[in-house]
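For reference, my_file.tsv is printed below; it contains TSV, C-alpha atoms.
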chain	number	residue	atom	x	y	z
A	647	MET	CA	-2.12	-13.16	-17.38
A	648	THR	CA	-0.56	-10.28	-19.27
A	649	GLY	CA	-2.09	-9.50	-22.66
A	650	PHE	CA	-1.91	-6.90	-25.40
A	651	TYR	CA	-5.03	-5.16	-26.71
A	652	HIS	CA	-3.23	-4.09	-29.92
A	653	PRO	CA	-0.58	-6.79	-30.50
A	654	GLU	CA	-0.10	-5.77	-34.14
A	655	TRP	CA	2.17	-2.95	-32.92
A	656	LEU	CA	4.65	-5.54	-31.63
A	657	LEU	CA	5.62	-6.30	-35.23
A	658	ALA	CA	7.38	-2.92	-35.24
A	659	LEU	CA	9.91	-4.29	-32.71
A	660	ILE	CA	11.70	-5.94	-35.65
A	661	VAL	CA	12.99	-2.44	-36.50
A	662	LEU	CA	15.22	-2.43	-33.40
A	663	PRO	CA	17.68	-5.19	-34.42
A	664	ILE	CA	17.71	-3.76	-37.95
A	665	LEU	CA	18.74	-0.35	-36.63
A	666	TYR	CA	21.38	-1.87	-34.39
A	667	TYR	CA	22.80	-3.96	-37.27
A	668	TYR	CA	22.90	-0.84	-39.46
A	669	TYR	CA	24.83	1.05	-36.75
A	670	TYR	CA	27.26	-1.84	-36.24
A	671	HIS	CA	27.80	-2.23	-40.00
A	672	GLU	CA	28.36	1.50	-40.60
A	673	THR	CA	30.76	1.78	-37.67
A	674	ASN	CA	32.92	-1.08	-38.98
A	675	ARG	CA	32.81	0.36	-42.48
A	676	LYS	CA	34.08	3.73	-41.29
A	677	LYS	CA	36.86	2.07	-39.32
A	678	GLN	CA	37.96	0.19	-42.40
A	679	GLU	CA	37.98	3.43	-44.42
A	680	ALA	CA	40.09	5.05	-41.72
A	681	ILE	CA	42.62	2.22	-41.95
A	682	VAL	CA	42.88	2.57	-45.72
A	683	PHE	CA	43.01	6.36	-46.06
A	684	SER	CA	44.53	7.62	-42.81
A	685	HIS	CA	48.21	7.81	-41.88
A	686	ILE	CA	49.58	5.67	-39.09
A	687	GLY	CA	49.62	8.38	-36.42
A	688	PHE	CA	46.04	9.34	-37.02
A	689	LEU	CA	45.03	5.68	-37.09
A	690	LYS	CA	46.66	5.00	-33.72
A	691	SER	CA	44.93	8.05	-32.27
A	692	ALA	CA	41.57	6.96	-33.66
A	693	LEU	CA	41.97	3.41	-32.42
A	694	HIS	CA	43.15	4.65	-29.02
A	695	GLY	CA	40.10	6.91	-28.74
A	696	SER	CA	37.66	4.17	-29.81
A	697	ARG	CA	38.92	1.84	-27.11
A	698	GLN	CA	38.28	4.40	-24.40
A	699	SER	CA	34.75	5.48	-25.37
A	700	SER	CA	31.74	3.20	-25.57
A	701	ARG	CA	29.34	6.12	-25.11
A	702	PRO	CA	28.13	6.28	-28.72
A	703	GLN	CA	26.97	2.67	-28.46
A	704	THR	CA	25.39	3.40	-25.06
A	705	LEU	CA	23.50	6.32	-26.57
A	706	LEU	CA	22.24	4.13	-29.38
A	707	LEU	CA	21.05	1.47	-26.96
A	708	LEU	CA	19.17	4.10	-24.93
A	709	VAL	CA	17.41	5.35	-28.06
A	710	LEU	CA	16.53	1.81	-29.18
A	711	ALA	CA	15.22	0.98	-25.69
A	712	ALA	CA	13.07	4.14	-25.75
A	713	ILE	CA	11.65	3.19	-29.15
A	714	GLY	CA	10.95	-0.31	-27.86
A	715	CYS	CA	9.07	1.09	-24.85
A	716	ILE	CA	6.96	3.31	-27.12
A	717	ILE	CA	6.08	0.37	-29.39
A	718	ILE	CA	5.11	-1.83	-26.42
A	719	GLY	CA	3.04	1.03	-24.99
A	720	LEU	CA	1.18	1.38	-28.31
A	721	ALA	CA	0.43	-2.38	-28.12
A	722	ASP	CA	-1.50	-1.51	-24.90
A	723	PRO	CA	-0.38	-4.23	-22.46
A	724	HIS	CA	-2.80	-5.18	-19.65
A	725	ILE	CA	-2.24	-7.08	-16.43
A	726	PRO	CA	-4.75	-8.31	-13.81
A	727	LEU	CA	-4.12	-6.35	-10.61
A	728	GLU	CA	-5.02	-7.98	-7.26
A	729	GLN	CA	-6.41	-4.81	-5.72
A	730	THR	CA	-8.62	-3.96	-8.72
A	731	LYS	CA	-11.83	-5.95	-9.13
A	732	GLU	CA	-14.32	-5.93	-11.94
A	733	GLY	CA	-17.88	-4.81	-11.24
A	734	VAL	CA	-20.79	-7.27	-11.28
A	735	ASN	CA	-24.36	-6.95	-12.59
A	736	VAL	CA	-26.55	-8.03	-9.64
A	737	ILE	CA	-30.24	-8.61	-10.37
A	738	LEU	CA	-32.75	-9.15	-7.57
A	739	VAL	CA	-35.76	-11.22	-8.70
A	740	LEU	CA	-38.47	-10.93	-6.04
A	741	ASP	CA	-41.72	-12.82	-5.62
A	742	VAL	CA	-44.60	-10.38	-5.00
A	743	SER	CA	-47.45	-12.89	-5.40
A	744	GLY	CA	-50.37	-13.15	-2.99
A	745	SER	CA	-48.59	-15.60	-0.67
A	746	MET	CA	-45.93	-12.96	0.07
A	747	GLN	CA	-48.54	-11.15	2.22
A	748	ALA	CA	-48.34	-13.92	4.82
A	749	THR	CA	-47.53	-12.58	8.30
A	750	ASP	CA	-45.22	-15.32	9.60
A	751	TYR	CA	-42.44	-12.81	8.80
A	752	GLN	CA	-42.85	-9.35	10.29
A	753	PRO	CA	-44.77	-7.41	9.16
A	754	THR	CA	-45.18	-9.56	6.03
A	755	ARG	CA	-43.00	-11.83	3.93
A	756	LEU	CA	-42.68	-9.20	1.22
A	757	GLU	CA	-41.69	-6.39	3.59
A	758	SER	CA	-39.17	-8.67	5.30
A	759	SER	CA	-37.66	-9.67	1.95
A	760	LYS	CA	-37.41	-5.99	0.90
A	761	ARG	CA	-35.72	-5.09	4.17
A	762	SER	CA	-33.21	-7.92	3.79
A	763	ALA	CA	-32.56	-7.18	0.10
A	764	GLU	CA	-31.68	-3.61	1.05
A	765	ILE	CA	-28.87	-4.99	3.24
A	766	LEU	CA	-27.37	-6.65	0.18
A	767	LEU	CA	-27.73	-3.56	-2.01
A	768	ARG	CA	-25.94	-1.39	0.54
A	769	SER	CA	-23.07	-3.89	0.76
A	770	LEU	CA	-22.35	-4.03	-2.98
A	771	ASP	CA	-19.10	-2.63	-4.34
A	772	VAL	CA	-18.93	0.79	-5.99
A	773	LYS	CA	-18.36	-0.75	-9.44
A	774	ASP	CA	-21.35	-3.10	-9.12
A	775	TYR	CA	-24.63	-2.43	-10.93
A	776	ALA	CA	-27.98	-3.48	-9.45
A	777	GLY	CA	-31.50	-3.97	-10.80
A	778	ILE	CA	-34.81	-5.45	-9.62
A	779	ILE	CA	-37.40	-7.70	-11.26
A	780	THR	CA	-40.70	-8.55	-9.56
A	781	PHE	CA	-43.02	-11.40	-10.52
A	782	GLU	CA	-46.47	-12.78	-9.73
A	783	SER	CA	-48.72	-13.96	-12.59
A	784	GLY	CA	-46.19	-12.26	-14.88
A	785	ALA	CA	-42.91	-10.42	-14.50
A	786	THR	CA	-41.96	-6.75	-14.70
A	787	SER	CA	-38.98	-4.46	-14.11
A	788	ALA	CA	-39.09	-2.59	-10.81
A	789	ALA	CA	-35.66	-0.93	-11.10
A	790	TYR	CA	-33.49	-0.85	-14.19
A	791	LEU	CA	-29.87	-1.95	-13.96
A	792	SER	CA	-27.89	0.98	-12.58
A	793	PRO	CA	-24.74	1.85	-10.61
A	794	ASP	CA	-26.88	4.17	-8.45
A	795	LYS	CA	-27.68	1.83	-5.57
A	796	ASP	CA	-29.58	4.53	-3.64
A	797	ARG	CA	-31.99	4.91	-6.55
A	798	VAL	CA	-32.45	1.13	-6.74
A	799	ILE	CA	-33.14	1.01	-2.99
A	800	ARG	CA	-35.84	3.67	-3.36
A	801	LYS	CA	-37.45	1.57	-6.09
A	802	LEU	CA	-37.19	-1.50	-3.83
A	803	GLN	CA	-38.93	0.28	-0.96
A	804	ALA	CA	-41.77	1.30	-3.28
A	805	ILE	CA	-42.64	-2.28	-4.32
A	806	GLU	CA	-46.21	-3.25	-3.40
A	807	PRO	CA	-47.72	-6.76	-3.00
A	808	LYS	CA	-49.91	-8.26	-5.71
A	809	GLU	CA	-52.72	-10.79	-5.67
A	810	GLY	CA	-51.54	-12.94	-8.59
A	811	ALA	CA	-50.12	-16.43	-8.89
A	812	THR	CA	-46.40	-17.31	-9.11
A	813	ALA	CA	-44.55	-17.13	-12.46
A	814	ILE	CA	-41.02	-18.02	-11.29
A	815	GLY	CA	-39.81	-18.92	-14.79
A	816	ASP	CA	-40.94	-15.60	-16.25
A	817	GLY	CA	-39.31	-13.65	-13.42
A	818	LEU	CA	-36.01	-15.50	-13.79
A	819	ALA	CA	-36.00	-15.12	-17.59
A	820	LEU	CA	-36.59	-11.36	-17.33
A	821	GLY	CA	-33.86	-11.12	-14.70
A	822	ILE	CA	-31.43	-12.81	-17.09
A	823	ASP	CA	-32.38	-10.35	-19.85
A	824	MET	CA	-31.71	-7.43	-17.52
A	825	ALA	CA	-28.36	-8.88	-16.44
A	826	GLU	CA	-27.39	-9.09	-20.12
A	827	SER	CA	-28.35	-5.46	-20.82
A	828	ILE	CA	-24.84	-4.27	-19.85
A	829	PRO	CA	-22.37	-6.73	-21.45
A	830	ASN	CA	-18.76	-7.67	-20.69
A	831	ARG	CA	-19.34	-7.95	-16.94
A	832	LYS	CA	-19.88	-10.82	-14.55
A	833	LYS	CA	-23.61	-11.38	-13.99
A	834	VAL	CA	-25.48	-12.74	-10.97
A	835	VAL	CA	-29.21	-13.22	-10.37
A	836	ILE	CA	-30.63	-13.58	-6.85
A	837	LEU	CA	-34.04	-15.27	-6.99
A	838	LEU	CA	-36.41	-15.25	-4.01
A	839	SER	CA	-39.72	-17.10	-3.90
A	840	ASP	CA	-42.03	-18.62	-1.32
A	841	GLY	CA	-44.20	-20.61	-3.67
A	842	VAL	CA	-44.63	-23.04	-6.52
A	843	ASN	CA	-44.41	-22.09	-10.19
A	844	ASN	CA	-48.06	-22.05	-11.31
A	845	ALA	CA	-48.23	-19.26	-13.90
A	846	GLY	CA	-46.34	-17.68	-16.77
A	847	VAL	CA	-45.16	-18.94	-20.14
A	848	ILE	CA	-41.56	-19.94	-19.35
A	849	HIS	CA	-40.77	-22.98	-17.23
A	850	PRO	CA	-38.16	-22.38	-14.49
A	851	ASP	CA	-35.96	-25.16	-15.88
A	852	GLU	CA	-35.90	-23.47	-19.29
A	853	ALA	CA	-34.92	-20.18	-17.67
A	854	ALA	CA	-32.20	-21.93	-15.65
A	855	ASN	CA	-30.75	-23.49	-18.80
A	856	PHE	CA	-30.84	-20.08	-20.47
A	857	ALA	CA	-28.88	-18.63	-17.53
A	858	ARG	CA	-26.30	-21.41	-17.77
A	859	GLU	CA	-25.81	-20.78	-21.51
A	860	LYS	CA	-25.18	-17.10	-20.73
A	861	GLY	CA	-22.76	-17.92	-17.91
A	862	ILE	CA	-25.03	-16.33	-15.28
A	863	GLN	CA	-25.01	-17.65	-11.71
A	864	VAL	CA	-28.35	-17.85	-9.92
A	865	PHE	CA	-28.49	-17.80	-6.12
A	866	SER	CA	-31.97	-18.97	-5.10
A	867	ILE	CA	-33.66	-18.31	-1.76
A	868	GLY	CA	-36.62	-20.31	-0.52
A	869	MET	CA	-38.81	-18.38	1.91
A	870	GLY	CA	-41.08	-20.21	4.34
A	871	SER	CA	-41.67	-21.19	7.96
A	872	ASP	CA	-40.97	-24.47	9.72
A	873	SER	CA	-44.66	-24.81	10.51
A	874	PRO	CA	-47.48	-24.62	7.93
A	875	VAL	CA	-48.79	-21.14	7.17
A	876	VAL	CA	-52.44	-20.65	6.31
A	877	LEU	CA	-52.98	-18.17	3.50
A	878	GLY	CA	-56.78	-18.40	3.38
A	879	TYR	CA	-59.69	-20.78	2.86
A	880	ASP	CA	-61.38	-22.17	-0.23
A	881	TRP	CA	-65.10	-22.15	-1.01
A	882	PHE	CA	-65.61	-25.18	1.19
A	883	GLY	CA	-63.81	-23.73	4.18
A	884	ASN	CA	-60.67	-25.80	3.73
A	885	PRO	CA	-57.41	-24.03	4.70
A	886	GLN	CA	-54.97	-23.09	1.91
A	887	TYR	CA	-51.34	-23.41	2.95
A	888	ALA	CA	-48.26	-21.68	1.61
A	889	THR	CA	-46.21	-24.22	-0.31
A	890	LEU	CA	-42.51	-23.85	-1.16
A	891	ASP	CA	-41.00	-25.82	-4.04
A	892	GLU	CA	-37.50	-26.23	-2.62
A	893	GLU	CA	-36.55	-28.92	-5.11
A	894	MET	CA	-37.10	-26.57	-8.03
A	895	LEU	CA	-35.12	-23.72	-6.43
A	896	GLN	CA	-32.28	-26.11	-5.63
A	897	ARG	CA	-32.30	-27.33	-9.23
A	898	ILE	CA	-32.10	-23.77	-10.57
A	899	ALA	CA	-29.08	-23.02	-8.37
A	900	SER	CA	-27.36	-26.29	-9.25
A	901	THR	CA	-27.92	-25.82	-13.00
A	902	THR	CA	-26.28	-22.39	-12.94
A	903	GLU	CA	-23.47	-23.28	-10.49
A	904	GLY	CA	-25.07	-21.04	-7.89
A	905	ARG	CA	-26.27	-21.89	-4.39
A	906	TYR	CA	-29.60	-22.47	-2.68
A	907	TYR	CA	-30.51	-20.92	0.69
A	908	LYS	CA	-33.48	-21.71	2.94
A	909	SER	CA	-34.99	-18.98	5.08
A	910	VAL	CA	-37.40	-19.83	7.90
A	911	ASN	CA	-37.69	-16.44	9.65
A	912	ASP	CA	-36.62	-12.80	9.56
A	913	ARG	CA	-33.24	-13.50	11.15
A	914	THR	CA	-32.18	-16.22	8.71
A	915	LEU	CA	-33.36	-14.14	5.74
A	916	SER	CA	-31.29	-11.14	6.88
A	917	GLU	CA	-28.27	-13.39	7.41
A	918	ILE	CA	-28.61	-14.83	3.90
A	919	TYR	CA	-28.67	-11.40	2.24
A	920	SER	CA	-25.89	-10.11	4.51
A	921	ASN	CA	-23.56	-12.89	3.37
A	922	LEU	CA	-24.51	-12.96	-0.31
A	923	ASN	CA	-22.04	-10.23	-1.30
A	924	LYS	CA	-19.20	-12.47	-0.05
A	925	GLU	CA	-20.49	-15.31	-2.25
A	926	ILE	CA	-20.28	-13.20	-5.43
A	927	LYS	CA	-16.86	-13.95	-6.89
A	928	ARG	CA	-15.31	-10.91	-8.51
A	929	GLU	CA	-12.62	-11.40	-11.13
A	930	ARG	CA	-9.44	-9.38	-11.26
A	931	GLU	CA	-9.74	-6.49	-13.66
A	932	GLU	CA	-7.25	-6.21	-16.49
A	933	THR	CA	-5.59	-2.80	-16.14
A	934	SER	CA	-3.61	-1.08	-18.88
A	935	ILE	CA	0.08	-0.49	-18.08
A	936	SER	CA	0.91	1.26	-21.34
A	937	ASP	CA	1.63	4.49	-19.44
A	938	TRP	CA	4.45	2.71	-17.62
A	939	PHE	CA	6.21	2.11	-20.93
A	940	PHE	CA	5.63	5.65	-22.16
A	941	ILE	CA	7.13	6.99	-18.92
A	942	GLY	CA	10.05	4.59	-19.33
A	943	ALA	CA	10.60	5.91	-22.86
A	944	ILE	CA	10.67	9.50	-21.57
A	945	ILE	CA	13.23	8.54	-18.91
A	946	LEU	CA	15.44	6.77	-21.45
A	947	ILE	CA	15.27	9.69	-23.88
A	948	GLY	CA	16.12	12.05	-21.02
A	949	ALA	CA	19.14	9.92	-20.10
A	950	GLU	CA	20.30	9.93	-23.72
A	951	ILE	CA	20.03	13.74	-23.93
A	952	PHE	CA	21.90	14.16	-20.64
A	953	LEU	CA	24.77	11.90	-21.76
A	954	ARG	CA	24.97	13.59	-25.14
A	955	TYR	CA	24.64	17.23	-24.07
A	956	GLY	CA	25.30	17.21	-20.33
A	957	ARG	CA	28.50	17.98	-18.47
A	958	ARG	CA	30.35	14.97	-19.82
A	959	ARG	CA	28.81	15.30	-23.25
A	960	ILE	CA	30.34	13.73	-26.32
A	961	ILE	CA	32.26	16.18	-28.47
A	962	GLN	CA	30.96	15.83	-31.99
Please express what this file holds, its structure, as structure tokens.
Amino acid sequence: MTGFYHPEWLLALIVLPILYYYYYHETNRKKQEAIVFSHIGFLKSALHGSRQSSRPQTLLLLVLAAIGCIIIGLADPHIPLEQTKEGVNVILVLDVSGSMQATDYQPTRLESSKRSAEILLRSLDVKDYAGIITFESGATSAAYLSPDKDRVIRKLQAIEPKEGATAIGDGLALGIDMAESIPNRKKVVILLSDGVNNAGVIHPDEAANFAREKGIQVFSIGMGSDSPVVLGYDWFGNPQYATLDEEMLQRIASTTEGRYYKSVNDRTLSEIYSNLNKEIKREREETSISDWFFIGAIILIGAEIFLRYGRRRIIQ
């Protein structure tokens, strides 16, 4: 939809009909004076000449049209262009807790997730910004939001595994804060976890509601194998299995009008990240067309000068 960033300038358009009325009124007045004070021969000549030439009125209309174009240009009209898309703030929120060292993905879950996340980062548009949050028992920034995707990828490759628990809510909340750090852009958070929220101070549902209030979509990815994966053994020798809370990740995505994906191996994880860029809906960017009107004004003024002073100029 077309809009004006400075619509107050449009009030000046009221000058155009006033100027035209003034011209029309003065022209009639002068004709009446000619009828009263001029002799018949001169009057016939004047009337004969006025019937043949409409160029003075044409010149006036060109000037008024040029003024109108300048006023509209100052109002700064914008239109959404199909070929021009707005950039998006894309935040990767990655689980780096102890369970991400499991080797059912090669060489580990964390390394596989980093490799797949890099596919997404390389596929982002030029105008997109990217950032990374990691979480375990707490959450921290691994790469600040930036348009420099190569720098973000280097930060991604440098991420190391931790031994802590899983604070999904804290990681998501910090990801939302980072997405908000550059305003007036569409914002998307991509959350990956292989576990159950068992640490932190913010519940995942609270973070999801916060994202919804901010208009931020969350795409959640659950990472796990079809068969149980043993992470270690307790003091009594009982095996400890990796547990994925799919219901919670699905709820986060649903709350924020995002989408949930389930990964069961390296191939499915790579496919998820490869297709995520297509899932991010980019809005058409409103582009100023004020220059069009300024150029139109120059053309109209040029036409007026040519008609007035060119080969067939009006003899004043």
Using all atoms listed in the file, determine which residues lie at most 10 Å from stretch 899-907 of chain A, disregarding the query and same-chain residues fewer than 6 positions distant; provide the list as a tab-separated table (two decimals) with C-alpha atoms, in the coordinates of the input.
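Now in around.tsv:
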chain	number	residue	atom	x	y	z
A	834	VAL	CA	-25.48	-12.74	-10.97
A	835	VAL	CA	-29.21	-13.22	-10.37
A	836	ILE	CA	-30.63	-13.58	-6.85
A	837	LEU	CA	-34.04	-15.27	-6.99
A	838	LEU	CA	-36.41	-15.25	-4.01
A	851	ASP	CA	-35.96	-25.16	-15.88
A	854	ALA	CA	-32.20	-21.93	-15.65
A	855	ASN	CA	-30.75	-23.49	-18.80
A	856	PHE	CA	-30.84	-20.08	-20.47
A	857	ALA	CA	-28.88	-18.63	-17.53
A	858	ARG	CA	-26.30	-21.41	-17.77
A	859	GLU	CA	-25.81	-20.78	-21.51
A	860	LYS	CA	-25.18	-17.10	-20.73
A	861	GLY	CA	-22.76	-17.92	-17.91
A	862	ILE	CA	-25.03	-16.33	-15.28
A	863	GLN	CA	-25.01	-17.65	-11.71
A	864	VAL	CA	-28.35	-17.85	-9.92
A	865	PHE	CA	-28.49	-17.80	-6.12
A	866	SER	CA	-31.97	-18.97	-5.10
A	867	ILE	CA	-33.66	-18.31	-1.76
A	868	GLY	CA	-36.62	-20.31	-0.52
A	869	MET	CA	-38.81	-18.38	1.91
A	892	GLU	CA	-37.50	-26.23	-2.62
A	893	GLU	CA	-36.55	-28.92	-5.11
A	914	THR	CA	-32.18	-16.22	8.71
A	915	LEU	CA	-33.36	-14.14	5.74
A	918	ILE	CA	-28.61	-14.83	3.90
A	919	TYR	CA	-28.67	-11.40	2.24
A	922	LEU	CA	-24.51	-12.96	-0.31
A	925	GLU	CA	-20.49	-15.31	-2.25
A	926	ILE	CA	-20.28	-13.20	-5.43
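Across A:Leu953, A:Ala711, A:Leu662, A:Ile814, the tightest approach to A:Ser783 is made by A:Ile814 when counting all atoms listed in the file.
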Atom-to-atom span, atom CA of A:Asp794 and atom CA of A:Tyr775, Å: 7.4 Å
Let me make sure I understand: among A:Ala853, A:Leu657, A:Leu706, A:Ala813, which one has the smallest atom-to-atom distance to A:Glu782 if we use all atoms listed in the file?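 Residue with the minimum atom-to-atom distance to A:Glu782: A:Ala813.
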Coordinates-based distance that separates atom CA of A:Glu826 from atom CA of A:Val736 (Å, one decimal):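 Calculated distance between atom CA of A:Val736 and atom CA of A:Glu826 is 10.6 Å.
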Do you have the atom CA of A:Cys715-atom CA of A:Arg701 distance handy?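 Computing it gives 20.9 Å between the two atoms.
For the set A:Gly821, A:Pro850, A:Gly714, A:Pro653, the residue with the smallest atom-to-atom gap to A:Ser787 is A:Gly821, counting all atoms listed in the file.
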Stretch 741-750 of chain A dumped to file, all heavy atoms, as a short mmCIF file (atom, residue, chain, number, x, y, z; two decimals), in the first residue's frame:
data_model
loop_
_atom_site.label_atom_id
_atom_site.label_comp_id
_atom_site.auth_asym_id
_atom_site.auth_seq_id
_atom_site.Cartn_x
_atom_site.Cartn_y
_atom_site.Cartn_z
N ASP A 741 21.64 -25.43 22.06
CA ASP A 741 21.87 -26.20 23.28
C ASP A 741 23.32 -26.69 23.27
O ASP A 741 23.76 -27.32 22.31
CB ASP A 741 20.89 -27.38 23.29
CG ASP A 741 20.88 -28.11 24.63
OD1 ASP A 741 21.85 -27.98 25.40
OD2 ASP A 741 19.90 -28.83 24.89
N VAL A 742 24.08 -26.36 24.32
CA VAL A 742 25.46 -26.85 24.43
C VAL A 742 25.65 -27.63 25.72
O VAL A 742 26.77 -27.79 26.22
CB VAL A 742 26.48 -25.68 24.36
CG1 VAL A 742 26.44 -25.01 23.00
CG2 VAL A 742 26.24 -24.66 25.47
N SER A 743 24.56 -28.14 26.28
CA SER A 743 24.61 -28.87 27.54
C SER A 743 25.34 -30.20 27.35
O SER A 743 25.69 -30.60 26.24
CB SER A 743 23.20 -29.10 28.08
OG SER A 743 22.44 -29.87 27.15
N GLY A 744 25.54 -30.90 28.46
CA GLY A 744 26.32 -32.14 28.44
C GLY A 744 25.79 -33.19 27.47
O GLY A 744 26.58 -33.90 26.84
N SER A 745 24.46 -33.26 27.32
CA SER A 745 23.88 -34.29 26.43
C SER A 745 24.24 -34.06 24.97
O SER A 745 24.17 -34.99 24.15
CB SER A 745 22.36 -34.32 26.59
OG SER A 745 21.79 -33.05 26.27
N MET A 746 24.66 -32.84 24.61
CA MET A 746 25.01 -32.54 23.22
C MET A 746 26.36 -33.16 22.82
O MET A 746 26.78 -33.05 21.68
CB MET A 746 25.04 -31.03 22.99
CG MET A 746 23.68 -30.36 23.04
SD MET A 746 22.60 -30.85 21.68
CE MET A 746 23.35 -29.97 20.31
N GLN A 747 27.02 -33.84 23.77
CA GLN A 747 28.26 -34.55 23.45
C GLN A 747 28.00 -36.00 23.05
O GLN A 747 28.94 -36.75 22.78
CB GLN A 747 29.22 -34.50 24.64
CG GLN A 747 29.65 -33.09 25.01
CD GLN A 747 30.67 -33.07 26.12
OE1 GLN A 747 31.74 -33.66 26.00
NE2 GLN A 747 30.34 -32.41 27.23
N ALA A 748 26.73 -36.39 23.01
CA ALA A 748 26.38 -37.74 22.57
C ALA A 748 26.87 -37.97 21.14
O ALA A 748 26.89 -37.04 20.32
CB ALA A 748 24.87 -37.95 22.67
N THR A 749 27.24 -39.22 20.84
CA THR A 749 27.88 -39.52 19.55
C THR A 749 26.94 -40.22 18.57
O THR A 749 27.42 -40.83 17.60
CB THR A 749 29.12 -40.38 19.78
OG1 THR A 749 28.74 -41.58 20.49
CG2 THR A 749 30.17 -39.62 20.58
N ASP A 750 25.63 -40.17 18.80
CA ASP A 750 24.72 -40.76 17.81
C ASP A 750 24.70 -39.93 16.52
O ASP A 750 24.33 -40.43 15.45
CB ASP A 750 23.31 -40.92 18.37
CG ASP A 750 22.78 -39.65 19.01
OD1 ASP A 750 23.59 -38.82 19.46
OD2 ASP A 750 21.55 -39.48 19.06
#
